[in-house]
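Raw my_file12.txt, compact mmCIF, C-alpha atoms and all ligand atoms:
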```
# COMPACT_ATOMS: atom_id res chain seq x y z
CA MET A 1 -106.20 -67.87 189.05
CA GLN A 2 -106.23 -65.18 191.71
CA ALA A 3 -104.84 -61.78 190.79
CA ILE A 4 -101.63 -60.62 192.44
CA PRO A 5 -102.23 -57.06 193.64
CA PHE A 6 -99.68 -54.41 192.75
CA ALA A 7 -99.77 -52.94 196.26
CA SER A 8 -101.29 -54.03 199.54
CA VAL A 9 -102.28 -52.10 202.62
CA GLU A 10 -101.33 -54.08 205.74
CA VAL A 11 -103.18 -53.03 208.90
CA GLY A 12 -102.65 -55.18 212.00
CA SER A 13 -103.80 -55.53 215.58
CA GLU A 14 -101.33 -52.89 216.83
CA GLU A 15 -102.99 -50.29 214.57
CA GLU A 16 -106.39 -51.31 215.99
CA ARG A 17 -105.10 -51.15 219.57
CA LEU A 18 -103.54 -47.70 219.15
CA VAL A 19 -106.49 -46.20 217.27
CA LEU A 20 -108.78 -47.44 220.03
CA GLU A 21 -106.42 -46.00 222.67
CA LEU A 22 -106.50 -42.72 220.76
CA LEU A 23 -110.28 -42.66 220.49
CA ARG A 24 -110.63 -43.38 224.21
CA SER A 25 -108.20 -40.57 225.00
CA LYS A 26 -110.51 -38.18 223.08
CA GLN A 27 -107.36 -36.41 221.77
CA LEU A 28 -108.49 -36.54 218.16
CA THR A 29 -106.51 -33.48 217.05
CA GLN A 30 -102.75 -33.07 217.24
CA GLY A 31 -101.64 -34.32 220.64
CA PRO A 32 -99.40 -36.86 222.37
CA MET A 33 -99.93 -39.56 219.70
CA VAL A 34 -98.57 -37.17 217.06
CA SER A 35 -95.55 -36.51 219.30
CA ARG A 36 -95.00 -40.28 219.56
CA LEU A 37 -94.97 -40.57 215.78
CA GLU A 38 -92.57 -37.64 215.54
CA GLU A 39 -90.20 -39.31 218.01
CA ALA A 40 -90.37 -42.54 216.04
CA PHE A 41 -89.58 -40.75 212.78
CA ALA A 42 -86.73 -38.74 214.27
CA SER A 43 -85.26 -42.02 215.38
CA VAL A 44 -85.70 -43.59 211.90
CA ALA A 45 -84.06 -40.58 210.21
CA GLY A 46 -81.43 -40.15 212.93
CA THR A 47 -82.35 -36.47 213.35
CA ARG A 48 -82.96 -34.26 216.38
CA HIS A 49 -86.41 -33.26 215.14
CA ALA A 50 -89.37 -34.59 213.20
CA VAL A 51 -92.40 -32.42 212.50
CA ALA A 52 -95.65 -34.12 211.46
CA VAL A 53 -97.88 -32.54 208.82
CA THR A 54 -100.88 -33.56 206.73
CA SER A 55 -99.13 -35.08 203.69
CA GLY A 56 -95.87 -35.52 201.85
CA THR A 57 -96.86 -32.60 199.66
CA THR A 58 -97.38 -30.25 202.60
CA ALA A 59 -94.09 -31.52 204.07
CA LEU A 60 -92.34 -30.24 200.92
CA VAL A 61 -94.24 -26.92 200.95
CA ALA A 62 -93.56 -26.43 204.67
CA ALA A 63 -89.86 -27.28 204.33
CA LEU A 64 -89.36 -24.86 201.42
CA THR A 65 -91.39 -22.15 203.17
CA ALA A 66 -89.48 -22.56 206.44
CA ILE A 67 -86.15 -21.91 204.73
CA GLY A 68 -87.57 -18.83 203.05
CA VAL A 69 -87.78 -20.08 199.45
CA GLY A 70 -89.92 -17.79 197.33
CA PRO A 71 -90.16 -15.79 194.10
CA GLY A 72 -86.78 -15.35 192.39
CA ASP A 73 -85.32 -18.50 193.95
CA THR A 74 -84.61 -21.62 191.93
CA VAL A 75 -84.97 -25.17 193.19
CA ILE A 76 -83.07 -27.85 191.26
CA THR A 77 -84.89 -31.16 191.09
CA SER A 78 -85.57 -34.35 189.17
CA PRO A 79 -87.95 -34.58 186.21
CA LEU A 80 -88.87 -38.21 187.00
CA THR A 81 -91.10 -37.75 190.01
CA PHE A 82 -94.67 -37.34 191.21
CA GLY A 83 -96.52 -34.05 190.62
CA ALA A 84 -96.23 -33.14 194.30
CA THR A 85 -92.53 -32.30 193.93
CA LEU A 86 -93.26 -29.68 191.29
CA ASN A 87 -96.52 -28.45 192.82
CA ALA A 88 -94.75 -27.79 196.11
CA ILE A 89 -91.99 -25.74 194.47
CA LEU A 90 -94.48 -23.69 192.43
CA GLU A 91 -96.69 -23.11 195.47
CA THR A 92 -93.87 -21.24 197.21
CA GLY A 93 -93.50 -18.89 194.22
CA ALA A 94 -90.09 -20.34 193.37
CA THR A 95 -88.85 -21.62 190.01
CA ALA A 96 -88.25 -25.32 189.36
CA ARG A 97 -85.18 -26.22 187.29
CA PHE A 98 -85.16 -29.79 186.00
CA VAL A 99 -81.85 -31.49 185.36
CA ASP A 100 -81.12 -34.98 184.13
CA ILE A 101 -81.00 -38.20 186.09
CA GLY A 102 -78.61 -41.15 185.97
CA ASP A 103 -79.43 -44.75 185.09
CA ASP A 104 -80.39 -45.21 188.74
CA PHE A 105 -83.37 -42.84 188.16
CA THR A 106 -82.07 -40.23 190.63
CA LEU A 107 -80.49 -36.78 190.11
CA ASP A 108 -77.15 -36.81 188.28
CA PRO A 109 -74.75 -34.77 190.46
CA ASP A 110 -72.74 -33.62 187.42
CA ALA A 111 -75.90 -32.27 185.78
CA VAL A 112 -76.82 -30.57 189.05
CA ALA A 113 -73.37 -28.96 189.37
CA ALA A 114 -73.65 -27.58 185.82
CA ALA A 115 -77.10 -26.10 186.48
CA ILE A 116 -76.32 -24.17 189.68
CA ASP A 117 -76.38 -20.39 189.27
CA ASP A 118 -76.88 -17.33 191.46
CA SER A 119 -80.62 -17.92 191.76
CA THR A 120 -80.23 -21.50 193.03
CA LYS A 121 -81.26 -21.82 196.65
CA VAL A 122 -82.16 -25.49 197.11
CA LEU A 123 -81.17 -28.90 195.79
CA LEU A 124 -84.21 -31.15 195.95
CA PRO A 125 -83.25 -34.74 195.12
CA VAL A 126 -85.97 -37.39 194.95
CA HIS A 127 -85.16 -40.81 196.43
CA LEU A 128 -87.20 -42.44 193.70
CA TYR A 129 -88.78 -45.87 194.20
CA GLY A 130 -86.96 -46.13 197.56
CA LEU A 131 -83.37 -45.72 196.30
CA PRO A 132 -81.47 -42.81 197.87
CA ALA A 133 -80.05 -40.27 195.47
CA ASP A 134 -76.27 -39.80 195.56
CA MET A 135 -76.36 -37.74 198.75
CA THR A 136 -72.62 -38.00 199.32
CA ARG A 137 -71.93 -35.97 196.19
CA LEU A 138 -75.06 -33.81 196.36
CA GLY A 139 -74.36 -33.01 200.02
CA ARG A 140 -70.82 -31.93 199.17
CA LEU A 141 -72.09 -29.81 196.29
CA ALA A 142 -74.65 -28.10 198.51
CA ALA A 143 -72.06 -27.40 201.21
CA ASP A 144 -69.55 -25.99 198.67
CA ARG A 145 -72.14 -23.73 197.03
CA GLY A 146 -74.02 -22.67 200.19
CA LEU A 147 -77.28 -24.37 199.20
CA THR A 148 -79.89 -26.10 201.32
CA ILE A 149 -80.84 -29.72 200.74
CA VAL A 150 -84.52 -30.64 200.83
CA GLU A 151 -84.91 -34.39 200.31
CA ASP A 152 -88.05 -35.71 198.70
CA ALA A 153 -87.99 -38.93 200.73
CA ALA A 154 -91.71 -39.61 200.19
CA GLN A 155 -90.95 -43.07 198.80
CA ALA A 156 -87.90 -43.91 200.87
CA VAL A 157 -88.58 -44.21 204.59
CA GLY A 158 -85.85 -46.36 206.16
CA ALA A 159 -83.44 -46.08 203.20
CA ALA A 160 -79.83 -45.13 203.92
CA ILE A 161 -76.50 -44.20 202.44
CA GLY A 162 -74.09 -46.39 204.38
CA ASP A 163 -75.16 -45.91 207.99
CA ARG A 164 -76.75 -42.53 207.35
CA PRO A 165 -80.54 -42.57 206.91
CA VAL A 166 -82.29 -40.51 204.25
CA GLY A 167 -83.95 -37.48 205.75
CA SER A 168 -80.80 -36.52 207.66
CA PHE A 169 -79.03 -34.50 204.96
CA GLY A 170 -80.99 -31.26 205.35
CA LEU A 171 -84.78 -31.23 205.55
CA GLY A 172 -86.22 -34.68 204.85
CA CYS A 173 -89.79 -34.84 203.55
CA PHE A 174 -91.68 -38.10 203.95
CA SER A 175 -95.14 -39.21 202.88
CA LEU A 176 -97.33 -41.55 204.91
CA TYR A 177 -99.88 -42.02 202.15
CA ALA A 178 -101.73 -45.36 202.30
CA THR A 179 -99.48 -47.33 199.94
CA LYS A 180 -96.15 -46.06 201.27
CA ASN A 181 -93.78 -48.46 203.11
CA VAL A 182 -95.16 -47.10 206.39
CA MET A 183 -98.38 -45.17 206.29
CA SER A 184 -101.09 -43.35 208.21
CA GLY A 185 -103.70 -43.18 205.45
CA GLU A 186 -102.62 -39.64 204.64
CA GLY A 187 -99.76 -37.89 206.39
CA GLY A 188 -96.34 -36.34 206.08
CA MET A 189 -93.19 -35.70 208.11
CA ILE A 190 -90.23 -33.34 207.98
CA THR A 191 -87.02 -34.52 209.63
CA LEU A 192 -84.13 -32.17 210.43
CA ASN A 193 -81.40 -31.28 212.90
CA ASP A 194 -81.77 -27.48 212.88
CA ASP A 195 -83.50 -26.37 216.11
CA ALA A 196 -84.61 -22.95 214.83
CA LEU A 197 -86.07 -24.35 211.60
CA ALA A 198 -87.87 -27.09 213.52
CA SER A 199 -89.62 -24.57 215.75
CA ARG A 200 -90.44 -22.44 212.70
CA LEU A 201 -92.04 -25.47 211.08
CA ARG A 202 -94.13 -26.12 214.21
CA ILE A 203 -95.37 -22.52 214.11
CA LEU A 204 -96.02 -22.59 210.35
CA ARG A 205 -98.17 -25.73 210.56
CA ASN A 206 -100.31 -24.14 213.27
CA GLN A 207 -101.55 -20.96 211.53
CA GLY A 208 -98.29 -19.17 212.30
CA MET A 209 -99.16 -19.06 216.02
CA VAL A 210 -96.53 -19.37 218.76
CA ALA A 211 -99.33 -19.60 221.31
CA ARG A 212 -103.10 -19.46 220.92
CA TYR A 213 -104.00 -16.29 218.91
CA ASP A 214 -100.39 -15.14 219.08
CA TYR A 215 -99.66 -14.90 215.36
CA MET A 216 -95.99 -14.62 214.56
CA MET A 217 -96.03 -15.28 210.80
CA ARG A 218 -98.37 -16.23 208.03
CA GLY A 219 -99.14 -19.90 208.47
CA HIS A 220 -101.47 -22.74 207.66
CA ASN A 221 -103.31 -25.66 209.17
CA TRP A 222 -100.95 -28.53 208.38
CA ARG A 223 -101.67 -30.43 211.61
CA MET A 224 -101.91 -34.22 211.59
CA THR A 225 -104.76 -35.86 213.49
CA GLY A 226 -104.26 -38.25 216.40
CA SER A 227 -105.89 -41.17 214.63
CA GLN A 228 -103.59 -40.79 211.62
CA ALA A 229 -100.63 -40.74 214.01
CA ALA A 230 -101.90 -43.86 215.84
CA VAL A 231 -101.81 -45.85 212.59
CA GLY A 232 -98.40 -44.36 211.78
CA VAL A 233 -96.93 -45.26 215.19
CA ALA A 234 -98.00 -48.90 214.79
CA GLN A 235 -96.63 -49.02 211.25
CA THR A 236 -93.34 -47.33 212.10
CA SER A 237 -92.72 -49.83 214.90
CA ARG A 238 -92.68 -52.52 212.18
CA LEU A 239 -90.48 -50.58 209.74
CA SER A 240 -87.45 -52.87 209.98
CA THR A 241 -89.61 -55.97 209.35
CA ILE A 242 -91.38 -54.25 206.43
CA THR A 243 -88.08 -53.13 204.89
CA ALA A 244 -86.54 -56.59 205.35
CA ALA A 245 -89.56 -58.20 203.65
CA ARG A 246 -89.41 -55.81 200.69
CA ARG A 247 -85.65 -56.28 200.33
CA ALA A 248 -86.03 -60.08 200.52
CA ASN A 249 -88.78 -60.05 197.86
CA ALA A 250 -86.60 -57.84 195.66
CA ALA A 251 -83.66 -60.23 196.06
CA GLU A 252 -85.88 -63.20 195.14
CA LEU A 253 -87.22 -61.41 192.07
CA ARG A 254 -83.70 -60.40 191.04
CA GLU A 255 -82.49 -63.99 191.34
CA ARG A 256 -85.42 -65.34 189.30
CA LEU A 257 -85.30 -62.64 186.61
CA THR A 258 -81.59 -62.32 186.09
CA GLY A 259 -80.14 -62.95 182.62
CA LEU A 260 -83.09 -61.74 180.51
CA GLU A 261 -81.69 -59.68 177.65
CA GLY A 262 -82.54 -56.00 177.93
CA LEU A 263 -84.15 -56.27 181.35
CA VAL A 264 -82.39 -54.11 183.97
CA LEU A 265 -83.26 -55.01 187.57
CA PRO A 266 -83.14 -52.63 190.54
CA ASP A 267 -80.49 -53.09 193.20
CA ASP A 268 -78.50 -51.18 195.81
CA VAL A 269 -76.07 -48.74 194.21
CA GLY A 270 -72.79 -48.86 196.12
CA ASP A 271 -73.61 -47.96 199.71
CA ARG A 272 -77.04 -46.58 198.80
CA HIS A 273 -79.53 -49.03 200.32
CA HIS A 274 -82.79 -49.47 198.46
CA VAL A 275 -86.04 -50.04 200.39
CA TYR A 276 -88.08 -51.04 197.30
CA HIS A 277 -91.12 -48.87 197.68
CA GLN A 278 -91.27 -49.93 194.04
CA PHE A 279 -89.45 -52.79 192.35
CA THR A 280 -88.96 -50.92 189.09
CA VAL A 281 -87.44 -52.70 186.13
CA GLN A 282 -86.17 -51.08 182.96
CA VAL A 283 -87.03 -52.60 179.60
CA THR A 284 -84.25 -51.36 177.29
CA GLU A 285 -83.99 -51.28 173.48
CA ALA A 286 -82.14 -54.62 173.67
CA ALA A 287 -85.21 -56.41 175.05
CA PRO A 288 -87.40 -58.54 172.74
CA MET A 289 -90.48 -56.61 173.86
CA THR A 290 -91.40 -53.08 174.86
CA ARG A 291 -92.26 -51.90 178.36
CA ASP A 292 -95.89 -51.46 177.32
CA ALA A 293 -96.07 -55.00 175.89
CA LEU A 294 -94.65 -56.36 179.15
CA ALA A 295 -97.22 -54.40 181.16
CA LYS A 296 -100.01 -55.72 178.97
CA GLY A 297 -98.78 -59.31 179.25
CA LEU A 298 -98.53 -59.12 183.04
CA ALA A 299 -101.97 -57.55 183.37
CA ALA A 300 -103.46 -60.31 181.16
CA ALA A 301 -101.90 -62.87 183.53
CA GLY A 302 -103.50 -61.18 186.54
CA ILE A 303 -100.29 -59.65 187.84
CA GLY A 304 -100.62 -56.07 189.04
CA CYS A 305 -97.96 -53.75 187.67
CA ALA A 306 -97.81 -50.02 187.04
CA VAL A 307 -96.01 -47.30 185.20
CA ILE A 308 -95.45 -44.91 188.08
CA ASP A 309 -95.11 -41.37 186.70
CA PRO A 310 -95.75 -42.18 183.01
CA ARG A 311 -94.52 -38.76 181.79
CA LEU A 312 -91.82 -36.42 182.99
CA VAL A 313 -93.46 -34.30 185.64
CA PHE A 314 -93.41 -31.01 183.73
CA ASP A 315 -94.65 -32.63 180.50
CA TYR A 316 -98.29 -31.60 180.86
CA PRO A 317 -100.09 -28.60 179.34
CA CYS A 318 -100.60 -27.03 182.78
CA PHE A 319 -96.81 -26.87 183.39
CA ARG A 320 -95.21 -26.87 179.92
CA ASN A 321 -95.30 -23.11 179.29
CA ASP A 322 -95.02 -21.94 182.87
CA PRO A 323 -92.11 -19.45 183.00
CA ARG A 324 -91.22 -20.87 186.43
CA VAL A 325 -90.62 -24.34 184.98
CA LEU A 326 -87.11 -24.55 183.47
CA VAL A 327 -86.22 -27.65 181.54
CA GLY A 328 -82.63 -28.46 180.57
CA ASP A 329 -81.30 -31.26 178.39
CA LEU A 330 -82.78 -34.49 179.69
CA PRO A 331 -81.70 -37.36 177.43
CA ALA A 332 -81.59 -40.01 180.17
CA ALA A 333 -84.89 -39.04 181.79
CA THR A 334 -86.61 -38.82 178.40
CA ARG A 335 -85.48 -42.36 177.56
CA LEU A 336 -86.02 -43.92 180.99
CA VAL A 337 -89.58 -42.63 181.43
CA THR A 338 -90.62 -44.82 178.46
CA GLN A 339 -88.81 -47.89 179.80
CA VAL A 340 -89.75 -48.24 183.46
CA LEU A 341 -92.30 -50.64 184.88
CA SER A 342 -92.94 -51.36 188.55
CA LEU A 343 -93.71 -54.93 189.63
CA PRO A 344 -95.15 -56.02 192.99
CA ALA A 345 -92.60 -56.47 195.80
CA HIS A 346 -94.79 -55.66 198.82
CA PRO A 347 -94.66 -57.70 202.04
CA GLY A 348 -98.03 -59.35 201.25
CA LEU A 349 -96.47 -61.51 198.51
CA GLU A 350 -96.12 -65.28 198.97
CA GLU A 351 -93.31 -67.40 197.56
CA SER A 352 -95.76 -68.70 194.94
CA ASP A 353 -96.54 -65.10 193.86
CA LEU A 354 -92.83 -64.41 193.30
CA ASP A 355 -92.59 -67.61 191.25
CA ARG A 356 -95.60 -66.61 189.20
CA ILE A 357 -94.37 -63.06 188.54
CA ALA A 358 -90.96 -64.34 187.43
CA SER A 359 -92.24 -67.23 185.30
CA THR A 360 -94.73 -64.92 183.57
CA VAL A 361 -92.00 -62.40 182.72
CA ARG A 362 -89.72 -65.22 181.52
CA SER A 363 -92.37 -66.77 179.29
CA LEU A 364 -93.31 -63.36 177.83
CA TRP A 365 -89.61 -62.85 177.02
CA GLU A 366 -89.49 -66.25 175.35
CA VAL A 367 -92.62 -65.72 173.28
CA HIS A 368 -91.42 -62.33 172.06
CA SER A 369 -87.92 -63.65 171.27
CA ARG A 370 -89.25 -66.17 168.74
C1 LIG A 401 -91.86 -38.60 195.07
C2 LIG A 401 -93.08 -38.12 195.81
N1 LIG A 401 -93.07 -36.89 196.34
C3 LIG A 401 -94.11 -36.41 197.04
C4 LIG A 401 -95.25 -37.17 197.24
C5 LIG A 401 -96.41 -36.56 197.95
O1 LIG A 401 -96.85 -37.27 199.06
P1 LIG A 401 -98.38 -37.20 199.51
O2 LIG A 401 -99.17 -38.03 198.56
O3 LIG A 401 -98.37 -37.76 200.89
O4 LIG A 401 -98.79 -35.78 199.50
C6 LIG A 401 -95.31 -38.47 196.72
C7 LIG A 401 -96.50 -39.29 196.93
O5 LIG A 401 -96.77 -40.24 196.27
C8 LIG A 401 -94.19 -38.96 195.98
O6 LIG A 401 -94.21 -40.17 195.46
```
As structure tokens:
Amino acid sequence: MQAIPFASVEVGSEEERLVLELLRSKQLTQGPMVSRLEEAFASVAGTRHAVAVTSGTTALVAALTAIGVGPGDTVITSPLTFGATLNAILETGATARFVDIGDDFTLDPDAVAAAIDDSTKVLLPVHLYGLPADMTRLGRLAADRGLTIVEDAAQAVGAAIGDRPVGSFGLGCFSLYATKNVMSGEGGMITLNDDALASRLRILRNQGMVARYDYMMRGHNWRMTGSQAAVGVAQTSRLSTITAARRANAAELRERLTGLEGLVLPDDVGDRHHVYHQFTVQVTEAAPMTRDALAKGLAAAGIGCAVIDPRLVFDYPCFRNDPRVLVGDLPAATRLVTQVLSLPAHPGLEESDLDRIASTVRSLWEVHSR
């Protein structure tokens, strides 16, 4: 039987057409195609500005740098995330403070409120797996305490809280890495409404120059290429179709997998709309099998699955004893990181794939219940 891939990279004729147009224009470096992608992203995030950069990681570094985060400042963030979130904070010289998450895998606003002190400058929620963090409460907290919000929206392009898209609550940082819901191979984007910060970001990404050889600040080369942008423009034009397909696959999987003891399925949380970059289930203590046994069983049946972020992000020797890595009490994150497993939900799945994924999980549950 053919394997069901965990992720699939969909590249269509529009990508080919735009890359060819780009090549023929000979504008291989940052040019009009990058501006087109920025306009498309600003429209997705509902912001006045979008600034393209080389990756989701550099988007985070650029956003933190633009608002002046540095040594002595603390950034509050989630421990269940990819290394980029932490690397970006440390790169600025700031301190990362990890607080606990809720059962939805995103920052717990009560834990955040308790952790804020005089050194706190930024709240950096991660919209993990494509589910927005509780931005209504986090936004209010930031406003009350005079903090800036930097959203790690790397996994959540197109997600929203009610009618308000992620990336519009402060500085939104997106990744366009190859397996993201929309991609450009590698790439990143910062979305924001603040005019002054947007122009600062444009200067920062271009060696700190306001005009050629007119250096205004220390900067970097974070410029996206035209061919990356061409792929991104084609992809972004299909975002609503891609999101609808992922949400439909998630709904089908939920329907087929409901009722299994100890298996928690992902869903929208109130008005927080999930875009299912990952369809991540939780295998609790009440389940007849462990998360690792489920992963093994699925792999043996040729079904791609993955433990995304298998350890809390600071839980590695290179970070553990860093004085700029502050770890609070994390009971929920410590439990959840051992229980999560992501199943395929990408738009490349057929109805028969969804049937096979669900029937394999169901039969594994049955076998282990005996
Ligand atoms: C939560 C999170 N933040 C940041 C990033 C970094 O994005 P990039 O790989 O484009 O640098 C990723 C990428 O996977 C991510 O998942």
Within-7 Å residues of ligand LIG 401 (chain A), basis all atoms listed in the file, as a list in words: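 Here is the list of contacting residues: Ser55, Gly56, Thr57, Thr58, Thr81, Phe82, Ala84, Thr85, Val126, Leu128, Asp152, Ala153, Ala154, Gln155, Ser175, Leu176, Tyr177, Glu186, Gly187 and Gly188 of chain A.
Checking A:Phe169, A:Gln228, A:Glu15, A:Ala63 one by one against Glu91 in chain A, counting only C-alpha atoms, you find the shortest gap at A:Ala63.
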CA of Met217 in chain A to CA of Arg202 in chain A, distance in Å rounded to a single decimal: 11.5 Å
Top pick for closest residue to Gly162 in chain A, considering A:Pro32, A:Gly102, A:Pro109, A:Gly270 and counting all atoms listed in the file: A:Gly270
Can you list every residue of range 292-323 of chain A that has an atom at most 12 Å from range 282-287 of chain A, with its nearest atom pair and the distance in Å to one decimal, using all atoms listed in the file, ordered by chain then number, as a Markdown table?
```
| residue | atom | partner | partner_atom | distance |
| --- | --- | --- | --- | --- |
| A:Asp292 | CA | A:Val283 | CA | 9.2 |
| A:Ala293 | CA | A:Val283 | CA | 10.1 |
| A:Leu294 | CA | A:Val283 | CA | 8.5 |
| A:Ala295 | CA | A:Val283 | CA | 10.5 |
| A:Val307 | CA | A:Gln282 | CA | 10.8 |
```
Shell around Thr65 in chain A at 7 Å using all atoms listed in the file, local window under 4 positions removed, as a ChimeraX atom specification: /A:61,69,92
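Closest approach to Glu255 in chain A from the set A:Leu124, A:Arg238, A:Asp267, A:Gly208 is made by A:Asp267, with distances taken over only C-alpha atoms.
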With only C-alpha atoms as the counted atoms, please give the residues lying no more than 12 Å from Val44 in chain A, apart from itself and same-chain residues fewer than 6 positions off, as a PDB file with C-alpha atoms, in the coordinates of the input.
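Output below, filename out32.pdb:
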```
ATOM      1  CA  LEU A  37     -94.970 -40.570 215.780  1.00  0.00           C
ATOM      2  CA  GLU A  38     -92.570 -37.640 215.540  1.00  0.00           C
ATOM      3  CA  ALA A  50     -89.370 -34.590 213.200  1.00  0.00           C
ATOM      4  CA  ALA A 156     -87.900 -43.910 200.870  1.00  0.00           C
ATOM      5  CA  VAL A 157     -88.580 -44.210 204.590  1.00  0.00           C
ATOM      6  CA  GLY A 158     -85.850 -46.360 206.160  1.00  0.00           C
ATOM      7  CA  ALA A 159     -83.440 -46.080 203.200  1.00  0.00           C
ATOM      8  CA  ALA A 160     -79.830 -45.130 203.920  1.00  0.00           C
ATOM      9  CA  ASP A 163     -75.160 -45.910 207.990  1.00  0.00           C
ATOM     10  CA  ARG A 164     -76.750 -42.530 207.350  1.00  0.00           C
ATOM     11  CA  PRO A 165     -80.540 -42.570 206.910  1.00  0.00           C
ATOM     12  CA  VAL A 166     -82.290 -40.510 204.250  1.00  0.00           C
ATOM     13  CA  GLY A 167     -83.950 -37.480 205.750  1.00  0.00           C
ATOM     14  CA  SER A 168     -80.800 -36.520 207.660  1.00  0.00           C
ATOM     15  CA  GLY A 172     -86.220 -34.680 204.850  1.00  0.00           C
ATOM     16  CA  PHE A 174     -91.680 -38.100 203.950  1.00  0.00           C
ATOM     17  CA  VAL A 182     -95.160 -47.100 206.390  1.00  0.00           C
ATOM     18  CA  MET A 189     -93.190 -35.700 208.110  1.00  0.00           C
ATOM     19  CA  ILE A 190     -90.230 -33.340 207.980  1.00  0.00           C
ATOM     20  CA  THR A 191     -87.020 -34.520 209.630  1.00  0.00           C
ATOM     21  CA  LEU A 192     -84.130 -32.170 210.430  1.00  0.00           C
ATOM     22  CA  VAL A 233     -96.930 -45.260 215.190  1.00  0.00           C
ATOM     23  CA  THR A 236     -93.340 -47.330 212.100  1.00  0.00           C
ATOM     24  CA  SER A 237     -92.720 -49.830 214.900  1.00  0.00           C
ATOM     25  CA  ARG A 238     -92.680 -52.520 212.180  1.00  0.00           C
ATOM     26  CA  LEU A 239     -90.480 -50.580 209.740  1.00  0.00           C
ATOM     27  CA  SER A 240     -87.450 -52.870 209.980  1.00  0.00           C
TER      28      SER A 240
END
```
Computed interatomic separation between CA of Ala345 in chain A and CA of Val150 in chain A (Å):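 Interatomic distance, CA of Ala345 in chain A to CA of Val150 in chain A: 27.5 Å.
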Neighbour list for Ala333 in chain A as an MDAnalysis selection string, cut-off 10 Å, only C-alpha atoms, skip fewer than 5 positions in-chain: chainID A and resid 78:80 99:103 105:107 311:312 338:339
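Counting from CA of Ala245 in chain A, the distance to CA of Ala358 in chain A is 17.4 Å.
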Neighbour residues at most 6 Å from (-96.5, -22.6, 208.0) (all atoms listed in the file) as a PyMOL selection string: chain A and resi 62+204-205+208+219-220
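When all atoms listed in the file are used to measure the gap to Asn249 in chain A, the shortest distance among A:His49, A:Lys26, A:His346, A:Arg17 belongs to A:His346.
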Shortest interatomic distance to Met135 in chain A - which of A:Leu123, A:Ile161, A:Leu147, A:Ala115, counting only C-alpha atoms: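 That would be A:Ile161, the residue with the smallest distance to Met135 in chain A.
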Pick from A:Ala299, A:Leu28, A:Val327, A:Leu60 nearest to Gly83 in chain A, counting only C-alpha atoms: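 Ranked by minimum distance to Gly83 in chain A, first place goes to A:Leu60.
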